[in-house]
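J.: Pasting a structure below so you can have a look.
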2 protein chains.
Amino acid sequence: MEQFDLDLGRVIGIIKDRNCKTVGLQFPEGLKRRAPGIAGDIEEKTGAHVIISGNPCFGACDIDTILAGRVDALFHFGHAGMGKYDNVVFIEARLNVDVVPAVMKAIPLLKNGKVGLITTVQHVHKLDEVCAVLKEHGKECVIGTGDGRVAYPGQVLGCNFTAARVDCEEILYLGSGIFHPLGVAIATGKKVIAADPYMNQAVEVAPEKFLRKRGGYIARAMDAAVFGIIVSTKSGQNRMELAMRLKALAEKHGKKGFIIEMELVIPEQLLAFRADAYVNTACPRITIDDAERFHAPVLTPQEFESALGERGIEDIEMDEIFQDT
Amino acid sequence: MEQFDLDLGRVIGIIKDRNCKTVGLQFPEGLKRRAPGIAGDIEEKTGAHVIISGNPCFGACDIDTILAGRVDALFHFGHAGMGKYDNVVFIEARLNVDVVPAVMKAIPLLKNGKVGLITTVQHVHKLDEVCAVLKEHGKECVIGTGDGRVAYPGQVLGCNFTAARVDCEEILYLGSGIFHPLGVAIATGKKVIAADPYMNQAVEVAPEKFLRKRGGYIARAMDAAVFGIIVSTKSGQNRMELAMRLKALAEKHGKKGFIIEMELVIPEQLLAFRADAYVNTACPRITIDDAERFHAPVLTPQEFESALGERGIEDIEMDEIFQDT
């Protein structure tokens, strides 16, 4: 049974120190079930009025800024900090799962001496332990710092693989899911081994099938006449400048482009506009994870450039959001 | 074929008069398909940059305030004005459908002389014509002004039936759907005839079955220990004071209440919190229209009072949002 540790003592301490009268709580989907209990605890121990954000929350890029504007402090649970806010406090979730067995399974798959080590925030506190295990097996461990969008050395996000861009021969990803290691493999062009501590297994990432599928979407979008260009209003995902550039690019190629600003990018909402294809400048994961739920091709900015002939299909890069965006 | 007239000449004129560089467009779901074409027209004729709101939009209570804050003017299509905004312009949709045939079918169902006449914004420009037809058939027509939340005499909203509270013996509702006439019947206690110009039919509204179904939800919520109390962040739906009062009421009865603030009230988002039941202070239509999609009972504030024993089941009122709320 996985168990996330949330530092509620720290939350209570901050509320008392700052003498907060109203506080907001924001949780990612997987932690929302704990919200009513935590709200009750806080009210009992501090006397503050608690308001829980009921909006979907998928990352640190996704601060409930409306709620933050209405409370003395907003506690954002589960993600490491991103961006600067006066009254938002990030309460990270640390996962207490033994990662060594999965790493042991990964070691035979690592063929070189110099290994780049990356993970997601839930496991960053385990990286020293993993490094020690690798060293015991004759590997040299390299941990990148990444750019300012990531909070910890070795941490990658679904939209930022800068911590993986280190001088190494292959990369070990610690964590679950295929999205992050796939992104790292494409972004760096290096061999990536994914060690999953939940499933207790390790595999080499193979991006070819994924890239073929994306090539299919690009091909379908080549015939499109009208493109909807999606911009997110979420705090850490707004790329209006990029969207304006892509709109101009569409027009240069005799296509129509229109800009759609939205909070939640969901297939049903795009359907209403009836564009031939879409370009997504919001969270890059939406483009990939929800691809099969969209009624029309939804491309990354780089894929869109390829569909217009501005970029070779072999020059497709992962869509990333960097510190200054 | 139904056809909505939108006054685009007025939109272009305002953009030129105000010398707007960026404009936002917001459409209800049924008009979103016209957004790309209208955006292209506006850009061509004015040179302004256009951003389309991709968020769901269900009424004049639902202004995209984030987009409004980023553009020189936001044009909100399809609804009559509500609330005060510096740079939001309401462009109503007027429906050109002949309403007389449906009214002729309603006349035999009207048994009294004094008829209250109500409709939704799409048909308000037809009320004089309907009045004339009723007069020809010996009826006296009464049109209420409603409170400040409605823009036109005789106009009702899904959350406001004040224009139906007039001195009359029975009420004629002109429009489609069952929600508004049902609400009026319950809110006023009067006999309501609904004349539907799309279907070209007229029926007497029978609220008994609806009230029995709501009674079932109230009964199920009586055993609940934990209530989620929903507050909307939408511009015209925020009733935090009411929510705080309901939370205190829950606690008075030994129940737990927690406040959830959200933009879009959707069943999947509530599921994550695992409360036993919910109270909805956001758009009253959500409670009714989506009732069968929720995994737990979702009550109106008045139904919640009944579940707690603070109000008799026979004293249930429709949930309305008045001017000052």
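Letters A, B, ... mark the chains of the structure tokens in the order given; residue numbers begin at 1 per chain; ligand numbers begin at 1, in order shown.
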Would you return as a PyMOL selection string the members of stretch 139-321 of chain B that DSSP assigns to alpha helix (DSSP H) on this structure's backbone?

T.: chain B and resi 179-188+208-221+240-252+267-271+284-289+301-307

J.: Show me, as a PyMOL selection string, the residues that have an atom within 8 Å of stretch 8-24 of chain B when counting only C-alpha atoms, minus same-chain residues fewer than 6 positions from it.

T.: chain B and resi 42+45-53+67-68+71-75+91

J.: Take the residues that were just selected and, keeping C-alpha atoms, output them as an mmCIF file, in the first residue's frame.

T.:
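And here's result30.cif as it stands now:
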data_model
loop_
_atom_site.group_PDB
_atom_site.id
_atom_site.type_symbol
_atom_site.label_atom_id
_atom_site.label_comp_id
_atom_site.auth_asym_id
_atom_site.auth_seq_id
_atom_site.Cartn_x
_atom_site.Cartn_y
_atom_site.Cartn_z
ATOM 1 C CA ILE B 42 -13.346 40.678 -36.766
ATOM 2 C CA LYS B 45 -12.308 44.195 -40.475
ATOM 3 C CA THR B 46 -10.650 45.747 -37.431
ATOM 4 C CA GLY B 47 -7.072 44.470 -37.240
ATOM 5 C CA ALA B 48 -7.601 43.612 -33.561
ATOM 6 C CA HIS B 49 -6.110 40.434 -32.095
ATOM 7 C CA VAL B 50 -8.909 38.063 -31.154
ATOM 8 C CA ILE B 51 -8.843 35.491 -28.342
ATOM 9 C CA ILE B 52 -11.740 33.056 -28.037
ATOM 10 C CA SER B 53 -12.780 31.716 -24.649
ATOM 11 C CA LEU B 67 -9.994 36.647 -20.352
ATOM 12 C CA ALA B 68 -11.803 39.940 -19.653
ATOM 13 C CA VAL B 71 -8.257 42.116 -23.400
ATOM 14 C CA ASP B 72 -9.500 45.638 -24.164
ATOM 15 C CA ALA B 73 -13.074 44.360 -24.574
ATOM 16 C CA LEU B 74 -14.778 41.010 -24.037
ATOM 17 C CA PHE B 75 -17.869 40.324 -26.141
ATOM 18 C CA ILE B 91 -24.374 40.661 -27.536
#

J.: Among the residues of stretch 173-322 of chain A, find those DSSP assigns to strand (DSSP E or B) from the backbone and print them as a PyMOL selection string.

T.: chain A and resi 173-174+191-196+201-204+226-232+256-262+277-280+298-299

J.: Pick out the chain B residues within 7 Å of chain A. Count only C-alpha atoms. Give them as number ranges by chain.

T.: B: 29, 32-33, 35-36, 51-56, 258-263, 269, 272-274

J.: Hey, can you spit out that residue selection with C-alpha atoms as an mmCIF file, in the first residue's frame?

T.:
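So the final result, stored in part.cif, reads:
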data_model
loop_
_atom_site.group_PDB
_atom_site.id
_atom_site.type_symbol
_atom_site.label_atom_id
_atom_site.label_comp_id
_atom_site.auth_asym_id
_atom_site.auth_seq_id
_atom_site.Cartn_x
_atom_site.Cartn_y
_atom_site.Cartn_z
ATOM 1 C CA GLU B 29 -21.934 25.983 -26.170
ATOM 2 C CA LYS B 32 -19.190 28.033 -30.293
ATOM 3 C CA ARG B 33 -19.150 26.527 -33.783
ATOM 4 C CA ALA B 35 -16.535 31.357 -33.180
ATOM 5 C CA PRO B 36 -13.719 30.702 -35.695
ATOM 6 C CA ILE B 51 -8.843 35.491 -28.342
ATOM 7 C CA ILE B 52 -11.740 33.056 -28.037
ATOM 8 C CA SER B 53 -12.780 31.716 -24.649
ATOM 9 C CA GLY B 54 -12.673 27.928 -24.774
ATOM 10 C CA ASN B 55 -14.262 27.470 -21.359
ATOM 11 C CA PRO B 56 -17.787 26.146 -20.965
ATOM 12 C CA PHE B 258 -16.604 21.263 4.339
ATOM 13 C CA ILE B 259 -16.607 23.974 1.713
ATOM 14 C CA ILE B 260 -15.456 23.208 -1.828
ATOM 15 C CA GLU B 261 -14.896 26.133 -4.163
ATOM 16 C CA MET B 262 -14.902 25.241 -7.833
ATOM 17 C CA GLU B 263 -15.245 26.737 -11.273
ATOM 18 C CA GLN B 269 -14.666 16.219 -9.555
ATOM 19 C CA ALA B 272 -12.758 12.480 -5.571
ATOM 20 C CA PHE B 273 -13.808 13.965 -2.203
ATOM 21 C CA ARG B 274 -15.933 10.972 -1.168
#

J.: Would you pick out the contacts of B:Leu174 at 7 Å or less, using only C-alpha atoms, so that residues sharing its chain but fewer than 5 positions from it are not included, and give the list as a list in words?

T.: Ile118, Thr119, Ala194, Ala195 and Asp196 of chain B

J.: For each of B:Ala221, B:Leu134, B:Leu308, B:Ala277, take the minimum atom-to-atom distance to B:Leu249, counting only C-alpha atoms, then give the residue where this is smallest.

T.: B:Leu308

J.: Which polymer residues have any atom within 9 Å of an atom of stretch 104-106 of chain B, counting only C-alpha atoms, with same-chain residues fewer than 5 positions away left out, as JSON, numbers by chain?

T.: {"B": [99, 133, 134, 172, 193, 194, 195, 200, 201, 202, 203, 204]}
